[in-house]
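Below is entry.cif, which holds mmCIF, C-alpha atoms.
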data_query
loop_
_atom_site.label_atom_id
_atom_site.label_comp_id
_atom_site.auth_asym_id
_atom_site.auth_seq_id
_atom_site.Cartn_x
_atom_site.Cartn_y
_atom_site.Cartn_z
CA MET T 10 119.93 -37.88 3.18
CA ALA T 11 121.17 -35.02 5.37
CA THR T 12 118.60 -32.70 3.86
CA GLY T 13 115.81 -35.15 4.62
CA SER T 14 117.04 -35.56 8.17
CA ALA T 15 117.16 -31.80 8.68
CA THR T 16 113.64 -31.47 7.27
CA ALA T 17 112.37 -34.17 9.63
CA ARG T 18 114.06 -32.48 12.60
CA GLY T 19 112.56 -29.13 11.60
CA ARG T 20 109.10 -30.64 11.31
CA GLY T 21 109.51 -32.36 14.66
CA GLN T 22 110.54 -29.10 16.32
CA ALA T 23 107.58 -27.29 14.75
CA GLN T 24 105.19 -30.00 15.94
CA ARG T 25 106.58 -29.84 19.47
CA ALA T 26 106.11 -26.07 19.40
CA ALA T 27 102.50 -26.54 18.24
CA ASN T 28 101.90 -28.91 21.17
CA SER T 29 103.63 -26.65 23.68
CA LYS T 30 102.12 -25.10 26.78
CA ALA T 31 102.47 -21.68 25.14
CA VAL T 32 100.18 -22.62 22.24
CA ALA T 33 97.74 -24.25 24.65
CA ALA T 34 97.67 -21.05 26.71
CA ALA T 35 97.10 -19.03 23.54
CA ALA T 36 94.14 -21.24 22.64
CA ARG T 37 92.60 -20.86 26.09
CA ALA T 38 93.05 -17.09 25.97
CA GLY T 39 91.34 -17.13 22.58
CA PHE T 40 88.32 -18.94 24.01
CA VAL T 41 88.09 -16.33 26.76
CA ALA T 42 88.15 -13.56 24.15
CA ARG T 43 85.52 -15.28 22.01
CA GLY T 44 83.34 -15.62 25.09
CA VAL T 45 83.65 -11.91 25.86
CA ILE T 46 82.52 -10.96 22.36
CA TYR T 47 79.50 -13.28 22.37
CA VAL T 48 78.41 -12.22 25.85
CA LEU T 49 78.55 -8.57 24.80
CA ILE T 50 76.64 -9.26 21.58
CA GLY T 51 74.00 -11.03 23.65
CA VAL T 52 73.75 -8.12 26.10
CA LEU T 53 73.45 -5.61 23.24
CA SER T 54 70.72 -7.79 21.71
CA LEU T 55 68.81 -7.79 25.00
CA ARG T 56 68.94 -3.99 25.05
CA ILE T 57 67.51 -3.90 21.54
CA ALA T 58 64.78 -6.38 22.45
CA PHE T 59 63.48 -4.41 25.42
CA SER T 60 64.40 -0.81 24.65
CA GLY T 61 64.97 -0.69 20.90
CA GLY T 62 68.51 0.56 21.54
CA GLY T 63 70.59 1.86 18.69
CA GLU T 64 73.73 -0.13 19.52
CA GLN T 65 75.08 -2.58 16.97
CA ALA T 66 74.47 -6.14 18.12
CA ASP T 67 77.53 -7.55 16.38
CA ARG T 68 81.29 -7.75 16.76
CA GLY T 69 81.68 -4.07 15.91
CA GLY T 70 79.19 -3.13 18.59
CA ALA T 71 81.01 -5.31 21.12
CA ILE T 72 84.34 -3.63 20.28
CA ALA T 73 82.80 -0.16 20.59
CA GLU T 74 81.24 -1.15 23.93
CA ILE T 75 84.62 -2.24 25.30
CA ALA T 76 86.32 0.92 24.01
CA GLN T 77 83.93 3.07 26.07
CA LYS T 78 84.90 1.40 29.35
CA PRO T 79 87.71 2.51 31.69
CA PHE T 80 91.01 1.18 30.32
CA GLY T 81 89.07 0.24 27.18
CA THR T 82 92.07 0.53 24.88
CA VAL T 83 94.11 -1.76 27.12
CA LEU T 84 91.26 -4.27 27.17
CA LEU T 85 91.06 -4.16 23.37
CA TRP T 86 94.79 -4.85 23.08
CA LEU T 87 94.40 -7.86 25.37
CA LEU T 88 91.35 -9.05 23.43
CA GLY T 89 93.14 -8.73 20.08
CA ILE T 90 96.23 -10.56 21.32
CA ALA T 91 94.05 -13.35 22.73
CA LEU T 92 92.24 -13.70 19.40
CA ALA T 93 95.60 -13.84 17.64
CA GLY T 94 96.41 -16.71 20.00
CA MET T 95 93.26 -18.48 18.84
CA ALA T 96 94.36 -17.99 15.22
CA LEU T 97 97.80 -19.43 16.02
CA TRP T 98 96.29 -22.48 17.71
CA ARG T 99 93.97 -23.13 14.77
CA LEU T 100 96.93 -22.79 12.42
CA SER T 101 98.80 -25.43 14.42
CA GLU T 102 95.76 -27.72 14.11
CA ALA T 103 95.73 -27.19 10.35
CA ALA T 104 99.44 -28.04 10.13
CA PHE T 105 99.64 -30.97 12.55
CA GLY T 106 96.07 -32.08 13.24
CA GLN T 107 93.68 -31.64 16.15
CA ALA T 108 93.74 -33.37 19.51
CA GLY T 109 91.88 -36.67 19.51
CA PRO T 110 91.95 -39.92 17.50
CA ASP T 111 90.46 -38.48 14.31
CA GLY T 112 92.05 -35.04 14.47
CA ASP T 113 94.37 -35.68 11.52
CA LYS T 114 91.57 -35.98 8.94
CA PRO T 115 92.05 -33.65 5.93
CA GLY T 116 88.57 -32.18 6.37
CA LYS T 117 89.22 -31.18 9.96
CA ARG T 118 92.59 -29.72 9.10
CA ALA T 119 91.01 -27.68 6.29
CA MET T 120 88.35 -26.38 8.69
CA ALA T 121 91.06 -25.45 11.17
CA ALA T 122 92.85 -23.51 8.43
CA GLY T 123 89.67 -21.60 7.63
CA ARG T 124 89.12 -20.79 11.29
CA SER T 125 92.72 -19.62 11.57
CA VAL T 126 92.18 -17.14 8.75
CA PHE T 127 88.90 -15.95 10.29
CA TYR T 128 90.34 -15.40 13.76
CA GLY T 129 93.41 -13.79 12.26
CA PHE T 130 91.17 -11.27 10.50
CA VAL T 131 89.17 -10.61 13.67
CA ALA T 132 92.36 -10.18 15.72
CA TYR T 133 93.74 -7.75 13.14
CA SER T 134 90.56 -5.65 13.17
CA VAL T 135 90.50 -5.46 16.98
CA LEU T 136 94.19 -4.59 17.23
CA SER T 137 93.86 -1.97 14.49
CA TYR T 138 90.98 -0.37 16.38
CA ALA T 139 93.02 -0.40 19.59
CA ALA T 140 95.91 1.26 17.72
CA GLY T 141 93.65 4.14 16.68
CA ASP T 142 92.06 3.05 13.39
CA LYS T 143 88.44 3.59 14.41
CA SER T 144 87.21 2.50 10.97
CA SER T 145 88.55 -1.01 11.64
CA GLY T 146 86.59 -3.60 13.55
CA SER T 147 83.66 -1.42 14.61
CA GLY T 148 82.01 -1.07 11.21
CA SER T 149 78.44 -2.20 10.72
CA SER T 150 78.19 -5.86 9.77
CA ASP T 151 74.99 -5.01 7.86
CA LYS T 152 76.67 -2.39 5.65
CA ASN T 153 79.65 -4.67 5.06
CA SER T 154 77.36 -7.55 4.08
CA GLN T 155 75.37 -5.37 1.69
CA ASP T 156 78.50 -3.84 0.12
CA VAL T 157 80.08 -7.24 -0.47
CA THR T 158 76.81 -8.63 -1.83
CA ALA T 159 76.37 -5.66 -4.20
CA LYS T 160 79.88 -6.14 -5.60
CA ALA T 161 79.41 -9.88 -6.00
CA LEU T 162 76.06 -9.48 -7.76
CA ASP T 163 77.78 -7.32 -10.40
CA TRP T 164 80.16 -10.14 -11.30
CA PRO T 165 79.38 -12.62 -14.10
CA GLY T 166 77.33 -15.34 -12.44
CA GLY T 167 77.10 -13.13 -9.36
CA GLN T 168 73.65 -14.34 -8.38
CA TRP T 169 74.90 -17.92 -8.31
CA ILE T 170 77.98 -16.94 -6.30
CA VAL T 171 75.93 -15.08 -3.68
CA GLY T 172 73.30 -17.83 -3.61
CA ILE T 173 75.89 -20.56 -3.10
CA ALA T 174 77.63 -18.51 -0.40
CA GLY T 175 74.29 -17.97 1.33
CA ALA T 176 73.49 -21.67 1.12
CA ALA T 177 76.93 -22.46 2.61
CA VAL T 178 76.31 -20.11 5.56
CA THR T 179 72.84 -21.57 6.08
CA GLY T 180 74.28 -25.09 5.96
CA ALA T 181 76.98 -24.10 8.43
CA GLY T 182 74.35 -22.71 10.77
CA VAL T 183 72.28 -25.89 10.62
CA TRP T 184 75.46 -27.95 11.13
CA ILE T 185 76.43 -25.86 14.19
CA ALA T 186 72.96 -26.20 15.71
CA VAL T 187 72.66 -29.95 15.05
CA ARG T 188 76.10 -30.67 16.48
CA ALA T 189 75.21 -28.64 19.55
CA ILE T 190 71.94 -30.52 20.05
CA MET T 191 73.78 -33.83 19.65
CA ARG T 192 76.39 -32.61 22.16
CA LYS T 193 79.28 -33.35 19.81
CA PHE T 194 81.31 -30.76 21.67
CA GLU T 195 81.73 -33.14 24.60
CA LYS T 196 84.39 -35.17 22.79
CA HIS T 197 86.63 -32.10 22.80
CA LEU T 198 86.22 -31.42 26.52
CA LYS T 199 87.91 -33.07 29.49
CA MET T 200 84.62 -34.35 30.87
CA ALA T 201 86.33 -36.67 33.36
CA GLU T 202 87.78 -33.65 35.17
CA MET T 203 84.31 -32.20 35.81
CA SER T 204 81.89 -33.07 38.57
CA GLN T 205 78.51 -34.42 37.49
CA ARG T 206 76.86 -31.08 38.23
CA THR T 207 79.49 -29.18 36.24
CA ARG T 208 79.04 -31.54 33.28
CA GLN T 209 75.30 -30.85 33.31
CA VAL T 210 75.80 -27.10 33.44
CA VAL T 211 78.43 -27.07 30.69
CA ALA T 212 76.26 -29.32 28.51
CA PHE T 213 73.29 -26.96 28.97
CA PHE T 214 75.30 -23.91 27.92
CA GLY T 215 76.82 -25.84 25.01
CA VAL T 216 73.47 -27.05 23.66
CA PHE T 217 71.54 -23.83 24.23
CA GLY T 218 74.34 -21.51 23.15
CA GLY T 219 75.41 -23.56 20.14
CA THR T 220 71.82 -23.88 18.91
CA ALA T 221 71.21 -20.13 19.19
CA ARG T 222 74.45 -19.40 17.34
CA GLY T 223 73.50 -21.86 14.61
CA VAL T 224 70.06 -20.29 14.20
CA VAL T 225 71.63 -16.84 13.73
CA PHE T 226 74.05 -18.16 11.09
CA ALA T 227 71.33 -20.07 9.25
CA THR T 228 69.03 -17.05 9.22
CA ALA T 229 71.76 -14.74 7.92
CA GLY T 230 72.47 -17.26 5.14
CA GLY T 231 68.78 -17.26 4.24
CA PHE T 232 68.86 -13.49 3.75
CA ALA T 233 71.87 -13.85 1.44
CA ILE T 234 69.95 -16.40 -0.63
CA ALA T 235 67.01 -13.97 -0.84
CA ALA T 236 69.40 -11.21 -1.99
CA ALA T 237 70.67 -13.50 -4.75
CA VAL T 238 67.25 -14.66 -5.93
CA GLN T 239 65.80 -11.13 -5.97
CA HIS T 240 69.06 -9.50 -7.10
CA LYS T 241 68.72 -6.97 -4.25
CA PRO T 242 71.86 -6.40 -2.14
CA GLY T 243 69.74 -4.72 0.52
CA LYS T 244 68.18 -8.07 1.36
CA ALA T 245 71.52 -9.28 2.74
CA LYS T 246 71.89 -8.76 6.47
CA GLY T 247 74.80 -8.87 8.88
CA MET T 248 74.48 -10.13 12.44
CA ASP T 249 72.93 -6.90 13.74
CA ASN T 250 69.98 -6.76 11.33
CA THR T 251 69.60 -10.54 11.42
CA LEU T 252 69.12 -10.35 15.19
CA ARG T 253 66.72 -7.41 14.89
CA THR T 254 64.63 -9.46 12.46
CA PHE T 255 63.76 -11.89 15.25
CA ALA T 256 61.98 -9.04 17.03
CA ASP T 257 59.77 -8.53 13.95
CA THR T 258 58.29 -12.04 14.19
CA PRO T 259 54.88 -12.75 15.80
CA ALA T 260 56.78 -13.62 19.00
CA GLY T 261 57.97 -10.02 19.12
CA PRO T 262 60.96 -9.06 21.24
CA TRP T 263 60.74 -12.28 23.24
CA LEU T 264 62.23 -14.37 20.43
CA LEU T 265 65.12 -11.92 20.10
CA ALA T 266 65.55 -12.04 23.88
CA LEU T 267 65.70 -15.85 23.76
CA ILE T 268 68.35 -15.76 21.02
CA ALA T 269 70.25 -13.07 22.94
CA VAL T 270 70.34 -15.20 26.09
CA GLY T 271 71.48 -18.10 23.90
CA LEU T 272 74.41 -16.03 22.60
CA ILE T 273 75.34 -15.14 26.18
CA ALA T 274 75.16 -18.86 26.97
CA PHE T 275 77.54 -19.55 24.08
CA GLY T 276 79.94 -16.97 25.48
CA ILE T 277 79.86 -18.72 28.86
CA PHE T 278 80.37 -22.04 27.08
CA SER T 279 83.45 -20.54 25.41
CA TRP T 280 84.80 -19.75 28.87
CA ALA T 281 84.18 -23.37 29.84
CA ASN T 282 86.23 -24.36 26.78
CA ALA T 283 89.03 -22.14 28.06
CA ARG T 284 89.10 -24.28 31.19
CA TRP T 285 88.35 -27.80 29.94
CA ARG T 286 89.03 -27.90 26.18
CA ASP T 287 91.49 -30.57 25.13
CA VAL T 288 94.07 -28.54 23.22
#

Show this structure as structure tokens.
Amino acid sequence: MATGSATARGRGQAQRAANSKAVAAAARAGFVARGVIYVLIGVLSLRIAFSGGGEQADRGGAIAEIAQKPFGTVLLWLLGIALAGMALWRLSEAAFGQAGPDGDKPGKRAMAAGRSVFYGFVAYSVLSYAAGDKSSGSGSSDKNSQDVTAKALDWPGGQWIVGIAGAAVTGAGVWIAVRAIMRKFEKHLKMAEMSQRTRQVVAFFGVFGGTARGVVFATAGGFAIAAAVQHKPGKAKGMDNTLRTFADTPAGPWLLALIAVGLIAFGIFSWANARWRDV
């Protein structure tokens, strides 16, 4: 009886901590950091579209870009800590459910757990880079994708594993884009606190940015499927080469520029989440 009571008290204290102002602040800082990364990826993509620049248009390229700026190391420490805050917030959602009437569904809690692991990995890579490990965080997403694909293809049933993973990424991309178009994000925002004009602007960035992000994910997943079907690891592409592929279409660099502006829009939308997200 006493043990059960102590367990209940411990769980209650943990839940109060998860709902605290500190965790909410960590989540908002995480959205700011996510916005910075996407804005930088979009800017790097624009450079590639119009000048064929050699920068990496991915998270590694964004980290390297920040590191070159005055006080770059300090900025990277702040970015990594903010991303760790995002991971902590997602972990609290996995443990106790999200804000909102349906936030306690097992599926949503499982997704929150996955996002916590992802942001934890990203935070670790950024902090490691800031601490001096230049091989961490700034590596090419294309090389990493091809190396992982090559290893997976050598496993028994490797083609199926890579194909299923590619299909999952493609499905996630389509899901992200469709939800953005349907403006599902609005249920997570404090829309009543915005003026009508602000709601329109935030909705535009959410739809445009979310759709562009979904298209990039879906396209990258398609390349993974191609790598599985053809048993060629080189067909797999990270974000950088996936973005560059848009410039090779009949629309030329203009399609890449459109996607790049969309990624910048998603970064701005992330900043709007930092202000109005219900956490």

**OP:** Write out as an MDAnalysis selection string each polymer residue whose atoms come within 8 Å of segment 188-192 of chain T, counting all atoms listed in the file; drop sequence neighbours fewer than 4 positions from it.
**Re:** chainID T and resid 184 212 215:217 219:220

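Residue nearest Ala119 of chain T, chosen from T:Phe275, T:Phe59, T:Phe213, T:Phe105 and counting all atoms listed in the file: T:Phe105.
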
**OP:** Give as a ChimeraX atom specification the residues that the PyMOL selection byres ((chain T and resi 41) around 8) matches when applied to the coordinates above.
**Re:** /T:37-40,42-45,91,279-280,283

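Of the residues listed (T:Lys244, T:Ala33, T:Leu272, T:Gly230), T:Ala33 shows the shortest atom-to-atom separation from Gly94 of chain T; distances use all atoms listed in the file.
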
Subject >> Spatial neighbours of Lys196 of chain T, max dist 12 Å, only C-alpha atoms, sep filter under 2 positions, as an NGL selection string >> reply: :T and (107-112 or 188-189 or 191-194 or 198-201 or 212 or 282 or 285-288)

Original post:
What lies within 6 Å of Pro242 of chain T using only C-alpha atoms, ignoring chain neighbours under 3 positions off, as a PyMOL selection string?
Top reply: chain T and resi 155+158-159+236+245

**OP:** Given the file shown, enumerate the residues that the PyMOL selection byres ((chain T and resi 264) around 12) captures and present them as a list in words.
**Re:** Ser54, Leu55, Ile57, Ala58, Phe59, Ala221, Val224, Val225, Leu252, Arg253, Thr254, Phe255, Ala256, Asp257, Thr258, Pro259, Ala260, Gly261, Pro262, Trp263, Leu265, Ala266, Leu267, Ile268, Ala269, Val270 and Gly271 of chain T

**OP:** Quote the spacing between atom CA of Ala233 of chain T and atom CA of Ala132 of chain T in Å to one decimal place.
**Re:** 25.2 Å

Subject >> Residue IDs satisfying the PyMOL selection byres ((chain T and resi 118) around 12), as a VMD selection string >> reply: chain T and resid 98 to 108 111 to 117 119 to 125

**OP:** Figure out the distance between atom CA of Arg208 of chain T and atom CA of Leu92 of chain T, please, to one decimal in Å.
**Re:** 26.2 Å

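Atom to atom, atom CA of Gly175 of chain T and atom CA of Ala66 of chain T stand 20.5 Å apart.
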
Subject >> Closest of T:Met95, T:Ala237, T:Ala229, T:Val131 to Ala34 of chain T - atom-to-atom distances counting all atoms listed in the file >> reply: T:Met95

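Across T:Tyr133, T:Ala93, T:Lys241, T:Val126, the tightest approach to Lys160 of chain T is made by T:Lys241 when counting only C-alpha atoms.
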
For segment 177-206 of chain T, which lacks atoms in the input, supply N, CA and C atoms and format the output as a short mmCIF file (atom, residue, chain, number, x, y, z; two decimals), in the coordinates of the input.
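Written out: result17.cif:
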data_model
loop_
_atom_site.label_atom_id
_atom_site.label_comp_id
_atom_site.auth_asym_id
_atom_site.auth_seq_id
_atom_site.Cartn_x
_atom_site.Cartn_y
_atom_site.Cartn_z
N ALA T 177 75.84 -21.93 1.78
CA ALA T 177 76.93 -22.46 2.61
C ALA T 177 76.81 -21.96 4.05
N VAL T 178 76.48 -20.67 4.21
CA VAL T 178 76.31 -20.11 5.56
C VAL T 178 75.11 -20.74 6.26
N THR T 179 74.02 -20.92 5.50
CA THR T 179 72.84 -21.57 6.08
C THR T 179 73.17 -23.00 6.50
N GLY T 180 73.87 -23.72 5.62
CA GLY T 180 74.28 -25.09 5.96
C GLY T 180 75.18 -25.13 7.17
N ALA T 181 76.09 -24.15 7.26
CA ALA T 181 76.98 -24.10 8.43
C ALA T 181 76.18 -23.85 9.70
N GLY T 182 75.18 -22.98 9.61
CA GLY T 182 74.35 -22.71 10.77
C GLY T 182 73.59 -23.93 11.24
N VAL T 183 73.01 -24.66 10.27
CA VAL T 183 72.28 -25.89 10.62
C VAL T 183 73.25 -26.90 11.22
N TRP T 184 74.44 -27.02 10.63
CA TRP T 184 75.46 -27.95 11.13
C TRP T 184 75.86 -27.60 12.56
N ILE T 185 76.05 -26.31 12.84
CA ILE T 185 76.43 -25.86 14.19
C ILE T 185 75.33 -26.22 15.18
N ALA T 186 74.08 -25.94 14.80
CA ALA T 186 72.96 -26.20 15.71
C ALA T 186 72.78 -27.70 15.96
N VAL T 187 72.86 -28.50 14.90
CA VAL T 187 72.66 -29.95 15.05
C VAL T 187 73.76 -30.55 15.91
N ARG T 188 74.99 -30.15 15.67
CA ARG T 188 76.10 -30.67 16.48
C ARG T 188 75.95 -30.27 17.95
N ALA T 189 75.43 -29.07 18.17
CA ALA T 189 75.21 -28.64 19.55
C ALA T 189 74.14 -29.49 20.21
N ILE T 190 73.04 -29.71 19.50
CA ILE T 190 71.94 -30.52 20.05
C ILE T 190 72.40 -31.95 20.34
N MET T 191 73.26 -32.47 19.47
CA MET T 191 73.78 -33.83 19.65
C MET T 191 74.95 -33.88 20.64
N ARG T 192 75.32 -32.72 21.17
CA ARG T 192 76.39 -32.61 22.16
C ARG T 192 77.72 -33.17 21.65
N LYS T 193 78.01 -32.90 20.39
CA LYS T 193 79.28 -33.35 19.81
C LYS T 193 80.48 -32.66 20.46
N PHE T 194 80.22 -31.51 21.05
CA PHE T 194 81.31 -30.76 21.67
C PHE T 194 81.95 -31.51 22.84
N GLU T 195 81.22 -32.45 23.41
CA GLU T 195 81.73 -33.14 24.60
C GLU T 195 83.01 -33.93 24.33
N LYS T 196 83.19 -34.38 23.08
CA LYS T 196 84.39 -35.17 22.79
C LYS T 196 85.65 -34.31 22.80
N HIS T 197 85.47 -32.99 22.76
CA HIS T 197 86.63 -32.10 22.80
C HIS T 197 86.92 -31.59 24.21
N LEU T 198 86.06 -31.92 25.15
CA LEU T 198 86.22 -31.42 26.52
C LEU T 198 86.72 -32.51 27.45
N LYS T 199 87.42 -32.12 28.49
CA LYS T 199 87.91 -33.07 29.49
C LYS T 199 86.80 -33.33 30.50
N MET T 200 85.81 -34.11 30.06
CA MET T 200 84.62 -34.35 30.87
C MET T 200 84.94 -35.06 32.18
N ALA T 201 85.97 -35.91 32.16
CA ALA T 201 86.33 -36.67 33.36
C ALA T 201 86.81 -35.78 34.49
N GLU T 202 87.28 -34.57 34.15
CA GLU T 202 87.78 -33.65 35.17
C GLU T 202 86.66 -32.83 35.81
N MET T 203 85.43 -32.97 35.29
CA MET T 203 84.31 -32.20 35.81
C MET T 203 83.49 -33.05 36.77
N SER T 204 82.86 -32.39 37.74
CA SER T 204 81.89 -33.07 38.57
C SER T 204 80.62 -33.29 37.75
N GLN T 205 79.74 -34.14 38.22
CA GLN T 205 78.51 -34.42 37.49
C GLN T 205 77.69 -33.14 37.30
N ARG T 206 77.61 -32.33 38.33
CA ARG T 206 76.86 -31.08 38.23
C ARG T 206 77.48 -30.15 37.21
#
